[in-house]
$ cat coords24.txt   # compact mmCIF, C-alpha atoms
# COMPACT_ATOMS: atom_id res chain seq x y z
CA MET A 102 18.93 -79.71 58.78
CA ALA A 103 18.44 -78.41 55.28
CA TYR A 104 14.71 -79.15 55.02
CA PRO A 105 13.04 -78.77 58.38
CA GLY A 106 9.47 -79.52 57.29
CA ILE A 107 6.62 -77.15 56.59
CA ALA A 108 7.81 -73.64 55.71
CA HIS A 109 6.52 -70.77 57.83
CA THR A 110 5.86 -68.26 55.10
CA PRO A 111 4.36 -64.80 55.61
CA ASP A 112 0.89 -63.87 54.39
CA PRO A 113 0.42 -63.91 50.60
CA PRO A 114 1.08 -62.69 48.04
CA TYR A 115 4.49 -64.24 47.40
CA TYR A 116 5.93 -66.66 44.87
CA ALA A 117 6.48 -70.41 44.79
CA VAL A 118 8.87 -72.31 42.54
CA ILE A 119 7.57 -75.86 42.28
CA PHE A 120 10.34 -78.23 41.18
CA THR A 121 9.08 -81.75 40.52
CA ASN A 122 11.78 -84.20 39.56
CA GLN A 123 12.69 -87.82 39.03
CA HIS A 124 16.13 -88.84 40.20
CA ALA A 125 18.48 -90.55 37.79
CA GLU A 126 20.33 -93.69 38.89
CA HIS A 127 23.71 -92.18 39.64
CA LEU A 128 23.66 -89.49 42.30
CA GLU A 129 27.33 -88.87 43.01
CA GLY A 130 27.67 -85.44 44.59
CA TYR A 131 23.95 -84.78 44.69
CA ALA A 132 23.40 -84.70 48.46
CA GLU A 133 26.25 -82.27 49.14
CA THR A 134 25.13 -79.97 46.35
CA ALA A 135 21.49 -80.04 47.47
CA GLU A 136 22.53 -79.10 50.99
CA ARG A 137 24.77 -76.34 49.66
CA MET A 138 21.98 -74.93 47.47
CA VAL A 139 19.71 -74.51 50.47
CA GLU A 140 22.51 -72.76 52.34
CA LEU A 141 23.02 -70.43 49.39
CA ALA A 142 19.33 -69.78 48.79
CA ARG A 143 19.01 -68.61 52.38
CA THR A 144 21.49 -65.84 51.62
CA ILE A 145 19.33 -64.38 48.85
CA ASP A 146 17.27 -61.36 49.81
CA GLY A 147 13.61 -62.37 49.42
CA PHE A 148 14.03 -66.07 50.16
CA LEU A 149 11.08 -67.09 52.35
CA GLY A 150 11.54 -70.82 52.86
CA VAL A 151 11.71 -74.22 51.22
CA GLU A 152 9.93 -77.54 51.51
CA SER A 153 11.31 -80.72 50.02
CA VAL A 154 10.22 -84.33 49.96
CA ARG A 155 11.62 -87.35 48.16
CA ALA A 156 9.93 -90.72 47.98
CA ALA A 157 11.63 -94.09 47.88
CA ASN A 158 10.89 -94.37 44.14
CA GLY A 159 13.06 -91.33 43.40
CA LEU A 160 10.26 -88.87 42.74
CA GLY A 161 10.86 -85.56 44.50
CA ILE A 162 9.04 -82.27 44.98
CA THR A 163 10.87 -79.19 46.22
CA VAL A 164 8.93 -75.96 46.63
CA SER A 165 10.88 -72.81 47.37
CA TYR A 166 9.16 -69.58 48.37
CA TRP A 167 10.19 -66.07 47.35
CA ARG A 168 9.08 -62.54 48.05
CA ASP A 169 8.89 -61.54 44.38
CA GLU A 170 10.05 -62.26 40.85
CA ALA A 171 13.20 -60.19 41.44
CA SER A 172 14.39 -62.49 44.21
CA ILE A 173 13.72 -65.55 42.02
CA ALA A 174 15.75 -63.93 39.22
CA GLN A 175 18.58 -63.20 41.63
CA TRP A 176 18.64 -66.81 42.79
CA LYS A 177 18.53 -68.08 39.23
CA SER A 178 21.52 -65.98 38.22
CA GLN A 179 23.61 -67.00 41.23
CA ALA A 180 26.77 -68.54 39.73
CA GLU A 181 27.08 -71.65 41.90
CA HIS A 182 23.37 -72.34 41.49
CA THR A 183 23.65 -72.03 37.71
CA LEU A 184 26.43 -74.64 37.70
CA ALA A 185 24.40 -76.92 39.97
CA ARG A 186 21.39 -76.69 37.66
CA ALA A 187 23.53 -77.72 34.70
CA GLN A 188 24.90 -80.67 36.64
CA GLY A 189 21.40 -81.62 37.72
CA ARG A 190 20.12 -81.55 34.17
CA GLU A 191 23.01 -83.71 32.95
CA GLN A 192 23.51 -86.12 35.82
CA TRP A 193 21.02 -86.19 38.64
CA TYR A 194 17.60 -85.81 37.06
CA ALA A 195 16.06 -88.22 34.60
CA ASP A 196 13.18 -85.80 34.25
CA PHE A 197 11.88 -82.63 35.85
CA PHE A 198 9.32 -79.87 35.62
CA VAL A 199 9.59 -76.34 37.01
CA ARG A 200 6.60 -74.11 37.63
CA VAL A 201 6.72 -70.54 38.88
CA ALA A 202 3.51 -69.53 40.61
CA ARG A 203 2.13 -66.57 42.51
CA VAL A 204 0.68 -67.67 45.85
CA GLU A 205 -2.61 -65.88 46.32
CA ARG A 206 -3.98 -67.41 49.51
CA ALA A 207 -2.85 -69.83 52.15
CA TYR A 208 -4.15 -71.46 55.29
CA ASP A 209 -2.93 -73.96 57.84
CA ARG A 210 -4.34 -76.64 60.11
CA ALA A 211 -5.43 -74.08 62.69
CA ASN A 212 -7.11 -71.80 60.18
CA THR A 213 -9.04 -73.96 57.79
CA GLN A 214 -12.49 -73.32 56.54
CA PRO A 215 -14.92 -76.01 57.78
CA MET B 92 -1.55 -95.93 40.01
CA ALA B 93 -2.94 -92.85 41.70
CA TYR B 94 0.20 -90.72 41.39
CA PRO B 95 2.05 -91.55 38.22
CA GLY B 96 4.89 -89.04 38.58
CA ILE B 97 5.36 -85.67 36.95
CA ALA B 98 2.07 -84.15 35.76
CA HIS B 99 1.78 -83.21 32.11
CA THR B 100 0.01 -79.91 32.47
CA PRO B 101 -0.89 -77.57 29.59
CA ASP B 102 0.80 -74.21 29.07
CA PRO B 103 0.22 -71.64 31.83
CA PRO B 104 -1.67 -69.89 33.19
CA TYR B 105 -3.40 -72.38 35.46
CA TYR B 106 -3.61 -72.93 39.20
CA ALA B 107 -1.72 -75.08 41.69
CA VAL B 108 -2.88 -76.13 45.13
CA ILE B 109 0.23 -76.92 47.17
CA PHE B 110 -0.63 -79.14 50.13
CA THR B 111 2.33 -79.70 52.46
CA ASN B 112 1.60 -82.00 55.36
CA GLN B 113 3.03 -84.03 58.19
CA HIS B 114 1.40 -87.38 58.79
CA ALA B 115 0.10 -88.22 62.24
CA GLU B 116 0.96 -91.58 63.79
CA HIS B 117 -2.30 -93.39 63.16
CA LEU B 118 -3.24 -93.66 59.52
CA GLU B 119 -6.18 -96.06 59.52
CA GLY B 120 -8.17 -95.53 56.35
CA TYR B 121 -5.79 -92.97 54.93
CA ALA B 122 -4.46 -94.88 51.91
CA GLU B 123 -7.90 -95.87 50.63
CA THR B 124 -9.21 -92.33 51.03
CA ALA B 125 -6.19 -90.78 49.33
CA GLU B 126 -6.66 -93.11 46.37
CA ARG B 127 -10.35 -92.33 46.26
CA MET B 128 -9.74 -88.57 46.34
CA VAL B 129 -7.54 -88.77 43.25
CA GLU B 130 -10.23 -90.79 41.48
CA LEU B 131 -12.81 -88.16 42.42
CA ALA B 132 -10.62 -85.18 41.55
CA ARG B 133 -10.20 -86.59 38.04
CA THR B 134 -13.96 -86.31 37.56
CA ILE B 135 -13.97 -82.55 38.22
CA ASP B 136 -14.06 -80.36 35.13
CA GLY B 137 -10.83 -78.35 35.12
CA PHE B 138 -8.64 -80.89 36.92
CA LEU B 139 -5.27 -80.89 35.14
CA GLY B 140 -3.17 -83.33 37.14
CA VAL B 141 -1.60 -84.12 40.49
CA GLU B 142 1.86 -84.84 41.83
CA SER B 143 2.42 -86.36 45.24
CA VAL B 144 5.46 -87.43 47.21
CA ARG B 145 5.84 -88.71 50.76
CA ALA B 146 9.14 -89.22 52.53
CA ALA B 147 9.93 -91.88 55.11
CA ASN B 148 9.73 -89.25 57.89
CA GLY B 149 6.03 -88.65 57.14
CA LEU B 150 6.43 -85.30 55.42
CA GLY B 151 4.38 -85.10 52.24
CA ILE B 152 3.81 -82.64 49.41
CA THR B 153 0.85 -83.01 47.06
CA VAL B 154 0.38 -80.46 44.30
CA SER B 155 -2.83 -80.56 42.31
CA TYR B 156 -3.30 -78.51 39.17
CA TRP B 157 -6.51 -76.80 38.05
CA ARG B 158 -7.70 -74.78 35.10
CA ASP B 159 -9.10 -71.94 37.21
CA GLU B 160 -10.42 -70.89 40.59
CA ALA B 161 -13.88 -72.16 39.69
CA SER B 162 -12.64 -75.73 39.31
CA ILE B 163 -10.81 -75.49 42.65
CA ALA B 164 -14.02 -74.26 44.28
CA GLN B 165 -15.96 -77.10 42.73
CA TRP B 166 -13.47 -79.64 44.08
CA LYS B 167 -13.51 -78.02 47.50
CA SER B 168 -17.29 -78.23 47.73
CA GLN B 169 -17.44 -81.87 46.61
CA ALA B 170 -19.20 -83.68 49.48
CA GLU B 171 -16.96 -86.72 49.83
CA HIS B 172 -13.88 -84.52 49.61
CA THR B 173 -15.25 -82.24 52.33
CA LEU B 174 -15.68 -85.25 54.64
CA ALA B 175 -12.18 -86.48 53.80
CA ARG B 176 -10.68 -83.09 54.65
CA ALA B 177 -12.38 -83.12 58.05
CA GLN B 178 -11.08 -86.62 58.72
CA GLY B 179 -7.60 -85.57 57.60
CA ARG B 180 -7.61 -82.58 59.91
CA GLU B 181 -8.71 -84.69 62.86
CA GLN B 182 -6.87 -87.95 62.30
CA TRP B 183 -4.26 -88.16 59.58
CA TYR B 184 -2.34 -84.88 59.68
CA ALA B 185 -0.34 -83.63 62.62
CA ASP B 186 0.20 -80.44 60.67
CA PHE B 187 -0.40 -79.03 57.21
CA PHE B 188 -0.27 -75.93 55.06
CA VAL B 189 -2.32 -75.21 51.94
CA ARG B 190 -1.32 -72.63 49.35
CA VAL B 191 -3.31 -71.70 46.27
CA ALA B 192 -1.12 -70.26 43.55
CA ARG B 193 -1.45 -69.10 39.97
CA VAL B 194 1.16 -70.77 37.76
CA GLU B 195 2.61 -68.12 35.48
CA ARG B 196 5.38 -69.97 33.67
CA ALA B 197 6.72 -73.48 33.43
CA TYR B 198 9.48 -75.40 31.74
CA ASP B 199 10.76 -78.93 31.66
CA ARG B 200 14.05 -80.76 31.22
CA ALA B 201 13.91 -80.40 27.44
CA ASN B 202 13.12 -76.70 27.52
CA THR B 203 15.30 -75.12 30.13
CA GLN B 204 17.17 -71.92 29.79
CA PRO B 205 20.94 -72.52 29.91
$ encode --input "coords24.txt" --output "structure tokens"
Amino acid sequence: MAYPGIAHTPDPPYYAVIFTNQHAEHLEGYAETAERMVELARTIDGFLGVESVRAANGLGITVSYWRDEASIAQWKSQAEHTLARAQGREQWYADFFVRVARVERAYDRANTQP
Amino acid sequence: MAYPGIAHTPDPPYYAVIFTNQHAEHLEGYAETAERMVELARTIDGFLGVESVRAANGLGITVSYWRDEASIAQWKSQAEHTLARAQGREQWYADFFVRVARVERAYDRANTQP
């Protein structure tokens, strides 16, 4: 399964790429490409995990996690990923927003402050 | 509508709180509280926006955006929000992960690098 749920990332600091997007109407080829992109991302040194959710209304949030800016740059320059981004911009996404952020602290259900 | 889609945040830097969560089975009171929390968050000085998506399998990602760490701290200490977090931990979430991140750069569909 491409998106198994909550990502088990190491302790911060690391980076998050927050990709918020609204699907367009016609999604031919999207599912296969999305699956392939996760496969490919996993091969990049510094990839730490990915979380992805899409609602019935077509709004989606995918957050991928990376060791550092260098690993994000490597992923961005990957040829097949570059083609997929172009196709996404032209066909699959009516709108989107990308934010690159440095994760400074994190906690989970077992380690929350009261 | 509590979650209108993609948030229109100002230019970075600002902060993101990435809340990834898996719903529990019993969600009594959840929807009302979630709606109320967005209403309350909007009253906090430094709140910049929120994006939230939940899939049919119960996995959800909510990303809220904040001007600085001080506004996040203010939101965290808000009394009604503190109660809601406790209820979430005990009742509504089988699992979750919270990451606080500093957004360093951002771009949208109209301003993407080729």
$ atom_distance --input "coords24.txt" --atom1 "atom CA of Tyr198 of chain B" --atom2 "atom CA of Thr163 of chain A"
15.0 Å
$ closest_residue --input "coords24.txt" --among "A:Ile107, A:Leu184, A:Met138, A:Ala174" --to "chain B" --atoms "only C-alpha atoms"
A:Ile107
$ closest_residue --input "coords24.txt" --among "B:Ala98, B:Val189, B:Ala175, B:Ala170" --to "Val141 of chain B" --atoms "only C-alpha atoms"
B:Ala98
$ residues_around --input "coords24.txt" --residues "segment 100-117 of chain B" --least-positions-apart "2" --cutoff "8 Å" --atoms "all atoms listed in the file" --output "ChimeraX atom specification"
/A:106-107,152,202 /B:98,119,139-140,149-160,182-197
$ atom_distance --input "coords24.txt" --atom1 "atom CA of Leu118 of chain B" --atom2 "atom CA of His172 of chain B"
17.2 Å
$ build_atoms --input "coords24.txt" --residues "segment 161-185 of chain A" --atoms "N, CA, C and O atoms" --output "short mmCIF file (atom, residue, chain, number, x, y, z; two decimals), keeping the file's coordinate frame"
data_model
loop_
_atom_site.label_atom_id
_atom_site.label_comp_id
_atom_site.auth_asym_id
_atom_site.auth_seq_id
_atom_site.Cartn_x
_atom_site.Cartn_y
_atom_site.Cartn_z
N GLY A 161 10.68 -86.61 43.50
CA GLY A 161 10.86 -85.56 44.50
C GLY A 161 10.08 -84.31 44.14
O GLY A 161 9.86 -84.01 42.97
N ILE A 162 9.62 -83.60 45.17
CA ILE A 162 9.04 -82.27 44.98
C ILE A 162 9.74 -81.32 45.94
O ILE A 162 9.78 -81.59 47.14
N THR A 163 10.30 -80.25 45.39
CA THR A 163 10.87 -79.19 46.22
C THR A 163 10.14 -77.91 45.86
O THR A 163 10.05 -77.55 44.68
N VAL A 164 9.59 -77.25 46.86
CA VAL A 164 8.93 -75.96 46.63
C VAL A 164 9.70 -74.91 47.41
O VAL A 164 9.85 -75.01 48.63
N SER A 165 10.22 -73.92 46.69
CA SER A 165 10.88 -72.81 47.37
C SER A 165 9.99 -71.59 47.26
O SER A 165 9.23 -71.43 46.29
N TYR A 166 10.05 -70.73 48.28
CA TYR A 166 9.16 -69.58 48.37
C TYR A 166 9.97 -68.30 48.35
O TYR A 166 11.03 -68.22 48.98
N TRP A 167 9.45 -67.31 47.64
CA TRP A 167 10.19 -66.07 47.35
C TRP A 167 9.27 -64.87 47.46
O TRP A 167 8.09 -64.95 47.13
N ARG A 168 9.86 -63.77 47.88
CA ARG A 168 9.08 -62.54 48.05
C ARG A 168 8.51 -62.04 46.73
O ARG A 168 7.37 -61.59 46.66
N ASP A 169 9.30 -62.12 45.66
CA ASP A 169 8.89 -61.54 44.38
C ASP A 169 9.70 -62.15 43.24
O ASP A 169 10.62 -62.93 43.46
N GLU A 170 9.35 -61.76 42.04
CA GLU A 170 10.05 -62.26 40.85
C GLU A 170 11.52 -61.84 40.86
O GLU A 170 12.39 -62.57 40.37
N ALA A 171 11.81 -60.67 41.42
CA ALA A 171 13.20 -60.19 41.44
C ALA A 171 14.09 -61.11 42.27
O ALA A 171 15.23 -61.40 41.89
N SER A 172 13.57 -61.59 43.39
CA SER A 172 14.39 -62.49 44.21
C SER A 172 14.58 -63.84 43.53
O SER A 172 15.65 -64.45 43.63
N ILE A 173 13.57 -64.30 42.79
CA ILE A 173 13.72 -65.55 42.02
C ILE A 173 14.79 -65.36 40.95
O ILE A 173 15.66 -66.22 40.74
N ALA A 174 14.76 -64.21 40.27
CA ALA A 174 15.75 -63.93 39.22
C ALA A 174 17.16 -63.86 39.81
O ALA A 174 18.12 -64.36 39.20
N GLN A 175 17.26 -63.29 40.99
CA GLN A 175 18.58 -63.20 41.63
C GLN A 175 19.11 -64.59 41.95
O GLN A 175 20.28 -64.91 41.71
N TRP A 176 18.24 -65.44 42.47
CA TRP A 176 18.64 -66.81 42.79
C TRP A 176 19.01 -67.58 41.52
O TRP A 176 20.00 -68.31 41.49
N LYS A 177 18.25 -67.36 40.47
CA LYS A 177 18.53 -68.08 39.23
C LYS A 177 19.87 -67.68 38.63
O LYS A 177 20.54 -68.51 38.00
N SER A 178 20.27 -66.44 38.83
CA SER A 178 21.52 -65.98 38.22
C SER A 178 22.73 -66.21 39.12
O SER A 178 23.86 -65.94 38.72
N GLN A 179 22.49 -66.72 40.32
CA GLN A 179 23.61 -67.00 41.23
C GLN A 179 24.53 -68.04 40.57
O GLN A 179 24.08 -69.08 40.10
N ALA A 180 25.84 -67.75 40.54
CA ALA A 180 26.77 -68.54 39.73
C ALA A 180 26.83 -70.02 40.14
O ALA A 180 26.75 -70.92 39.29
N GLU A 181 26.96 -70.26 41.42
CA GLU A 181 27.08 -71.65 41.90
C GLU A 181 25.78 -72.41 41.64
O GLU A 181 25.79 -73.60 41.32
N HIS A 182 24.67 -71.72 41.76
CA HIS A 182 23.37 -72.34 41.49
C HIS A 182 23.21 -72.66 40.01
O HIS A 182 22.64 -73.69 39.63
N THR A 183 23.72 -71.80 39.16
CA THR A 183 23.65 -72.03 37.71
C THR A 183 24.45 -73.28 37.34
O THR A 183 23.98 -74.12 36.55
N LEU A 184 25.63 -73.43 37.92
CA LEU A 184 26.43 -74.64 37.70
C LEU A 184 25.71 -75.88 38.21
O LEU A 184 25.68 -76.93 37.54
N ALA A 185 25.11 -75.77 39.38
CA ALA A 185 24.40 -76.92 39.97
C ALA A 185 23.22 -77.33 39.10
O ALA A 185 22.94 -78.52 38.93
#
